[in-house]
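One structure below.
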Amino acid sequence: MSKEQYESNILSSSYLENTRLQTMDNQIPMSQGRKREKAAEILARDGPNALTPPKSTPEIIKFLKQMVGGFSILLWVGALLCWIAFGIQVAQGVASAFDNLYLGVVLALVVILTGIFAYYQEAKSTNIMASFSKMIPQQALVIRDGEKREVSAEQLVVGDMVEIKGGDRIPADIRLIFAQGCKVDNSSLTGESEPQSRSCDFTHENPLETKNIAFYSTTCLEGTATGMVINTGDQTIIGRIASLASGVGNEKTPIAIEIEHFVHIVAGVAVSIGVLFFIIAVSMKYKVLDSIIFLIGIIVANVPEGLLATVTVSLSLTAKRMAKKNCLVKNLEAVETLGSTSIICSDKTGTLTQNRMTVAHLWFDDQIYSADTSEEQTTQSFDQSSQSWAALSKVVTLCNRAEFKPGQENVPIMKRVVVGDASETALLKFAEVILGDVMGIRKRNRKLAEIPFNSTNKFQLSIHETEDPNDKRFLMVMKGAPERILERCSTIMINGEEQPLDRERAEAFQTAYMELGGLGERVLGFCHLYLPEDEFPDTYPFDTDSMNFPTSNLCFVGLLSMIDPPRSTVPDAVSKCRSAGIKVIMVTGDHPITAKAIAKSVGIISANSETVEDIAKRLNVPVEQVNKEDARAAVINGMELKDMTTEQLDEILINHSEIVFARTSPQQKLIIVEGCQRQDAVVAVTGDGVNDSPALKKADIGIAMGIAGSDAAKNAADMILLDDNFASIVTGVEEGRLIFDNLKKTIAYTLTKNIAELCPFLIYIIASVPLPIGTITILFIDLGTDIIPSVALAYEKAESDIMNRRPRHKKKDRLVNEQLAVYSYLQIGIIQSIGAFLAYFTVYAEQGWLPNTLLGLRVNWEDDYYNDIEDSYGQEWTRYQRTYLQWTGYTAFFVSITIQQVADLIIRKTRRNSIFQQGLLRNKVIWVGIVSQIAIALILSYGLGSVTALNFTPLRVQYWFVAMPYAILIWVYDEIRKLFIRQYPGSWWDKNMYY
Amino acid sequence: MSKEEKKPFSQTMAEWRQFVYNPRSGEFLGRTAKSWGLILLFYLVFYGFLAALFTFTMWVMLQTLSGDIPKYRDRIRSPGLMISPKPVTALEFYFNKSDSQSYAEYVSTLKQFLKSYDDSKQSKNIACTAGKLFEQNEDRAIKQACQFNRTKLGSCSGVEDDTFGYAKGTPCVLVKMNRIIGLKPEGEPHIECLPKEEGKVQITYFPDGGMIDLMYFPYYGKKLHADYLQPLVAVQLAIISNRTKEEVTIECKIMGSPNLKNEDDRDKFLGRISFKIQMSE
């Protein structure tokens with residue numbers, strides 16, 4: 001979407017119409033305001049002045065979605081088939097018909113319960129959000145019927161007169177009628193971090209540009225104003241952006257795509273095997289009804305019923321872990337998205353930087369000193385012995401209107417709240433750190449007169465008594481734009497001595513000024529003058545209007561430069577991103593020089609990279625002649641971006657690995673995000689402003705700032721960064737990658753036993769042996785013994801440094817790839833089946849049914865009236881005796897799968913490393929899983945063995961060990977597999993066996 | 001703003017064809033011939049090994065078994081009852097006494113069943129002491145079997161009446177007890193049959209009182225006790241009929257022996273059996 005489209009979307013004709021109509025509408029006198037009745041009438045017509053919350057899906061729809069998503073459809077089909085079979089069997093008078101009814105009910109219950117579980121999980125994470133959107137009701141000072149009244153901002157209507165003053169939030173979109181020194185912070189709307197002055201003058205056709213409109217939800221920083229409400233609620237600019245954001249389609253998260261892919265694979269396998277064996281069964285002259293029952297068994301065996309719930313739990317465990325590290329995840333699936341992120345488009349202010357001006361450099365005595373800019377500074381270590389510093393510090397301390405709010409003596413200096421603008425705050429804190437008790441110094445050097453900073457003279461001045469009782473001179477201190485200050489000076493202080501300001505000195509000043517400016521820092525010049533005692537006696541009346549004191553021929557003392565410094569954790573985080581193959585793009589509204597300086601200091605532009613402009617400057621050739629591919633870095637100005645075609649933007653994104661977008665408007669952010677997504681990248685975007693919300697929605701993962709972020713941004717985002725710190729994103733990425741790896745393990749673990757559950761049905765159909773494992777029993781594995789172990793895999797530590805890997809390719813590195821499916825299904829799964837069949841044959845053989853007798857026995861075996869079937873030893877069995885034996889078989893099969901799943905669980909701890917490298921005991925939860933698995937099996941066999949409906953029987957102790965050799969084989973085989981993978985990377989084995 | 005546009009069908013088809021056979025790389029179903037060869041070889045070896053291992057473990061397991069008696073008999077502690085002939089569907093006899101075709105199936109089954117009880121087949125068997133368990137020495141490789149003469153079944157033996165009473169409206173049903181190795185009944189086991197509807201049927205037992213003689217126990221298994229014949233009780237049902245169509249339900253139970261169960265809740269055939277006879281004229 002281009003900027004033009006974007007703006008035209010927001011500024012529809014109705015908005016403009018309203019603006020103009022009101023301009024000509026002089027019926028409402030400023031002093032009278034609206035009539036109360038009229039206001040009530042309009043309120044009834046337009047509705048309250050509040051944003052309509054984004055339309056949320058009705059709860060019932062959300063719930064129903066859970067009921068039909070994933071494997072649910074397959075299970076519903078299974079349940080339906082069960083009931084059909086039940087219906088037919090009842091009609092035929094088959095005694096065991098009710099088994100199918102129950103099975104159908106159980107399947108339906110499984111779907112409903114897992115659906116409720118998933119719904120509950122989702123609702124829980126939505127609740128976290130609900131707490132965020134609670135807003136304190138806002139008040140507005142409105143003039144109605146000629147009286148000023150405080151009303152709730154929601155009551156405002158078009159045409160109301162409202163008064164605002166510094167510190168207020170603008171209660172609606174208003175056109176100013178009166179303004180005095182009014183400045184607003186539009187950063188949440190337009191991204192401009194500088195305060196914008198507001199007046200009554202109509203300066204631009206575009207409401208977004210004109211000076212006489214103040215916008216809903218921005219803040220008035222200083223001054224006062226009165227204005228007329230021109231639009232309320234959803235009709236405001238903010239409201240329009242918010243509704244635009246909800247219009248931007250939410251992309252499916254990568255993990256959702258992966259899970260869908262995986263569900264498709266499993267469902268595909270289930271349906272094709274089911275249909276294939278249905279056909280085989282029918283052509284083997286099985287009755288259609290029997291074939292349907294086989295089909296149900298195959299579906300149930302193939303579908304990992306518990307897996308989706310397990311995945312949800314694993315994701316929510318990670319989400320919890322991330323919340324502890326200040327990443328609050330709104331949408332569970334976003335947990336993994338962060339891990340697959342390949343580009344992060346980050347804000348500068350507040351995210352990469354500390355969001356406060358701090359003194360970074362000083363220049364005095366012809367030398368540049370660096371100041372400590374870290375968050376927790378308590379001292380400054382530069383050389384403070386010079387007399388010049390003493391003079392400079394005095395100017396810094398006295399020529400400053402900022403003050404600490406009282407009662408903060410115990411708060412660390414850097415955290416104290418200050419009344420004053422950003423630069424003055426920086427200077428105040430700087431002085432407080434070095435000198436201590438600034439307020440005391442000011443008190444001792446009483447202020448006699450003051451000219452505050454204004455944009456025409458660009459300096460600030462004050463005159464003080466000195467604290468030295470013997471010195472009766474007054475001290476005049478001044479600070480301001482360095483070139484303006486220098487103009488007024490005739491001398492300069494070097495090592496405490498006043499020296500004439502000759503050309504050489506002036507050049508030295510210029511060099512220093514350029515150098516500091518080149519660092520992207522805001523530079524201030526400081527000078528002073530001791531007024532001669534004879535000309536300015538004690539009683540001299542200083543008048544700031546007539547300026548009856550000298551303001552030239554002053555003594556230049558020094559320069560201080562300030563910057564919003566990077567957070568100390570950010571450079572490390574950026575380099576982590578770099579080694580993790582994640583491109584960090586800075587998108588800021590700030591000046592390119594500042595942006596580049598910060599980018600360099602945090603490593604977004606690395607030390608030895610150059611932009612095209614840098615190369616041009618170095619080689620002294622025009623920019624056009626530079627080979628663009630030589631430049632790793634690029635700093636793109638918002639103005640350039642405006643004129644770029646899609647192709648040009650793509651080219652920049654492809655050719656440069658280190659990119660900074662400066663002077664960009666939030667809507668350009670959306671264009672940048674779309675550009676990145678065209679490169680098939682998974683894009684994370686940080687944002688705080690309302691205007692960021694479309695970009696946050698568009699991004700694969702939108703990250704809103706928890707402290708600075710607006711509610712709209714938080715609503716649009718998938719994740720909220722509680723400490724606004726970029727470094728937290730990186731820890732989030734690490735968690736996201738880990739969970740992707742661990743989900744792979746979980747799925748591999750879960751899929752394996754599906755073969756061991758499926759094979760019995762296939763053998764049952766083909767070889768007509770008594771059924772080795774029942775459908776209910778399968779459900780007990782899928783939803784019983786296997787659940788805790790598969791969640792336990794989510795606690796597994798990373799095998800190697802996952803932050804040294806490239807981000808996964810969205811389309812190539814799948815969660816479930818061919819290798820994983822093949823290895824689980826055709827190798828480990830087959831071993832498991834064989835182990836379980838050994839147990840099955842053992843149980844039957846030891847009771848008198850040798851394997852050869854079993855073949856082809858099915859029809860007689862299941863005949864309810866055949867009560868004297870002869871076993872291999874000549875004994876005769878009734879139907880019930882056979883059934884009971886069959887259940888013993890089920891139990892033995894079940895126990896064997898469980899035992900082998902223990903081995904499976906252990907091997908799944910790692911995909912490449914040996915178990916011994918990973919440590920068997922490091923992940924304690926795995927052991928909880930193993931114990932739970934065995935305990936559940938014990939309870940089912942011995943505790944519930946007498947409950948007929950469950951089809952379990954108490955099993956002889958030795959049958960628990962029959963499959964043990966195969967469990968050991970699984971472990972040994974997997975160790976060999978991993979050994980070869982490690983030994984021969986890139987080999988045939990590696991390619992086919994590494995999942 | 002949807003990014004994923006639907007691919008045209010022809011392209012999908014082309015991609016599939018490409019997947020099935022890619023002439024450029026010579027890939028068939030995503031793998032080259034060599035790659036297929038390797039993977040098939042791998043699975044041949046892998047499954048070959050598993051098959052060998054499975055065979056071996058099965059062999060080891062079978063080695064632990066005795067050929068004579070099963071390792072465990074705890075799943076069949078008490079015998080079931082069964083009847084002969086066994087109707088194809090459920091346990092319901094339908095026949096018309098005047099239509100020999102309608103009961104031919106039953107008659108031939110009975111004849112077949114009783115063939116092994118022919119005197120000519122029983123020459124090897126010995127006459128045992130009635131009323132006493134016939135326990136044989138463990139070291140006897142071949143256990144001896146007791147004689148059970150067809151004549152004991154009286155008018156149900158098929159000797160005099162080769163329609164086993166079906167033609168006269170007095171059908172015979174043989175009741176037998178399932179063979180269980182080592183089972184030693186206590187007391188005086190006998191079969192007792194009761195019609196559900198009183199007075200509709202008169203029941204005659206052969207041998208008298210439906211006795212099952214203890215001398216036929218214990219059973220030593222198919223291999224050791226090859227000539228064993230299980231004792232039978234014939235039940236002749238004289239259906240007292242005054243209508244053209246009569247249906248009776250008979251329940252037979254094994255009685256008189258404390259260690260033979262006949263009241264199990266779940267197993268409707270443990271020491272008992274119930275069947276229906278519908279006779280028409």
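Convention: chains lettered A, B, ... in structure tokens order; per-chain residue numbering from 1; ligands numbered from 1 as shown.
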
Could you give me the residues within region 118-291 of chain A that DSSP places in strand (DSSP E), as an NGL selection string?
:A and (139-144 or 147-152 or 161-165 or 173-185 or 196-198 or 213-214 or 219-231)

Show me a table, sorted first by chain and then by increasing residue number, of the residues of chain B having an atom at most 9 Å from chain A, each with its shortest atom pair and the distance in Å to one decimal, counting only C-alpha atoms and written as CSV.
```
residue,atom,partner,partner_atom,distance
B:Met1,CA,A:Gly249,CA,7.1
B:Ser2,CA,A:Gly249,CA,7.8
B:Ser35,CA,A:Trp988,CA,8.8
B:Leu38,CA,A:Trp988,CA,8.9
B:Ile39,CA,A:Asn992,CA,8.6
B:Tyr43,CA,A:Gln827,CA,8.9
B:Phe46,CA,A:Gln827,CA,8.3
B:Tyr47,CA,A:Gln827,CA,8.7
B:Leu50,CA,A:Ile831,CA,7.3
B:Ala51,CA,A:Ile834,CA,8.8
B:Phe54,CA,A:Ile834,CA,6.8
B:Thr57,CA,A:Leu838,CA,7.5
B:Met58,CA,A:Leu838,CA,6.7
B:Met61,CA,A:Thr842,CA,6.8
B:Leu62,CA,A:Ala845,CA,7.7
B:Leu65,CA,A:Glu846,CA,6.9
B:Gly67,CA,A:Tyr873,CA,8.0
B:Asp68,CA,A:Tyr873,CA,7.0
B:Ile69,CA,A:Tyr873,CA,6.4
B:Pro70,CA,A:Gly848,CA,4.8
B:Lys71,CA,A:Glu846,CA,5.0
B:Tyr72,CA,A:Gln847,CA,5.1
B:Arg73,CA,A:Gln847,CA,6.1
B:Asp74,CA,A:Gln847,CA,7.9
B:Arg75,CA,A:Gln881,CA,6.4
B:Ile76,CA,A:Gln881,CA,6.5
B:Pro79,CA,A:Trp877,CA,7.7
B:Gly80,CA,A:Thr878,CA,5.8
B:Leu81,CA,A:Asn867,CA,7.6
B:Met82,CA,A:Asn867,CA,6.4
B:Lys86,CA,A:Tyr866,CA,8.5
B:Val88,CA,A:Tyr865,CA,9.0
B:Thr89,CA,A:Tyr865,CA,8.0
B:Ala90,CA,A:Tyr865,CA,5.8
B:Leu91,CA,A:Tyr865,CA,6.9
B:Met177,CA,A:Asp868,CA,8.7
B:Asn178,CA,A:Glu876,CA,5.1
B:Arg179,CA,A:Gln875,CA,4.9
B:Ile180,CA,A:Gln875,CA,4.9
B:Ile181,CA,A:Gln875,CA,6.4
B:Tyr219,CA,A:Gln875,CA,9.0
B:Gly221,CA,A:Tyr873,CA,5.5
B:Lys222,CA,A:Gly874,CA,4.7
B:Lys223,CA,A:Tyr873,CA,7.1
B:Arg266,CA,A:Tyr880,CA,7.3
B:Asp267,CA,A:Tyr880,CA,5.4
B:Lys268,CA,A:Tyr880,CA,8.0
B:Phe269,CA,A:Thr878,CA,6.5
B:Leu270,CA,A:Thr878,CA,7.2
```

Compile the contact shell of Leu153 (chain B) as a short mmCIF file (atom, residue, chain, number, x, y, z; two decimals) with N, CA and C atoms, in the first residue's frame: residues with an atom at most 10 Å away, counting only C-alpha atoms, same-chain residues fewer than 6 positions apart removed.
```cif
data_model
loop_
_atom_site.label_atom_id
_atom_site.label_comp_id
_atom_site.auth_asym_id
_atom_site.auth_seq_id
_atom_site.Cartn_x
_atom_site.Cartn_y
_atom_site.Cartn_z
N VAL B 159 -27.89 -95.35 16.44
CA VAL B 159 -27.73 -96.73 15.99
C VAL B 159 -29.07 -97.27 15.50
N CYS B 172 -32.72 -85.14 19.27
CA CYS B 172 -31.62 -85.32 20.22
C CYS B 172 -30.63 -84.19 20.06
N LEU B 174 -26.72 -83.27 21.63
CA LEU B 174 -25.63 -83.74 22.48
C LEU B 174 -25.07 -82.55 23.25
N TYR B 205 -32.50 -88.08 29.48
CA TYR B 205 -31.04 -87.99 29.42
C TYR B 205 -30.44 -89.34 29.10
N PHE B 206 -29.39 -89.36 28.30
CA PHE B 206 -28.55 -90.56 28.11
C PHE B 206 -27.14 -90.15 28.33
N PRO B 207 -26.32 -90.81 29.10
CA PRO B 207 -26.69 -91.88 30.01
C PRO B 207 -27.67 -91.38 31.08
N ASP B 208 -28.15 -92.26 31.87
CA ASP B 208 -29.18 -91.93 32.84
C ASP B 208 -28.78 -90.78 33.74
N GLY B 210 -28.07 -87.94 33.08
CA GLY B 210 -27.12 -86.99 32.47
C GLY B 210 -25.75 -87.04 33.13
N LEU B 232 -20.05 -87.57 26.66
CA LEU B 232 -21.17 -86.83 26.11
C LEU B 232 -22.42 -87.12 26.92
N VAL B 233 -23.34 -86.16 26.88
CA VAL B 233 -24.66 -86.41 27.44
C VAL B 233 -25.65 -86.10 26.35
N ALA B 234 -26.49 -87.06 26.01
CA ALA B 234 -27.51 -86.80 24.99
C ALA B 234 -28.78 -86.39 25.69
N VAL B 235 -29.44 -85.39 25.13
CA VAL B 235 -30.70 -84.92 25.69
C VAL B 235 -31.75 -85.10 24.61
N GLN B 236 -32.73 -85.92 24.92
CA GLN B 236 -33.80 -86.09 23.94
C GLN B 236 -35.00 -85.31 24.41
#
```

Atomic distance CA of Ser800 (chain A) - CA of Glu818 (chain A), expressed in Å with one decimal:
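Distance reported for this atom pair: 22.7 Å.
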
Fewer than 2 positions away in the same chain doesn't count, so skip those; otherwise give me all residues within 12 Å of Ser102 (chain B), counting only C-alpha atoms, as a list in words.
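Skipping anything fewer than 2 positions along the chain leaves Pro87, Phe93, Tyr94, Phe95, Asn96, Lys97, Ser98, Asp99, Ser100, Ala104, Glu105, Tyr106, Val107, Ser108, Thr163, Tyr166, Ala167, Gln278, Met279, Ser280 and Glu281 of chain B.
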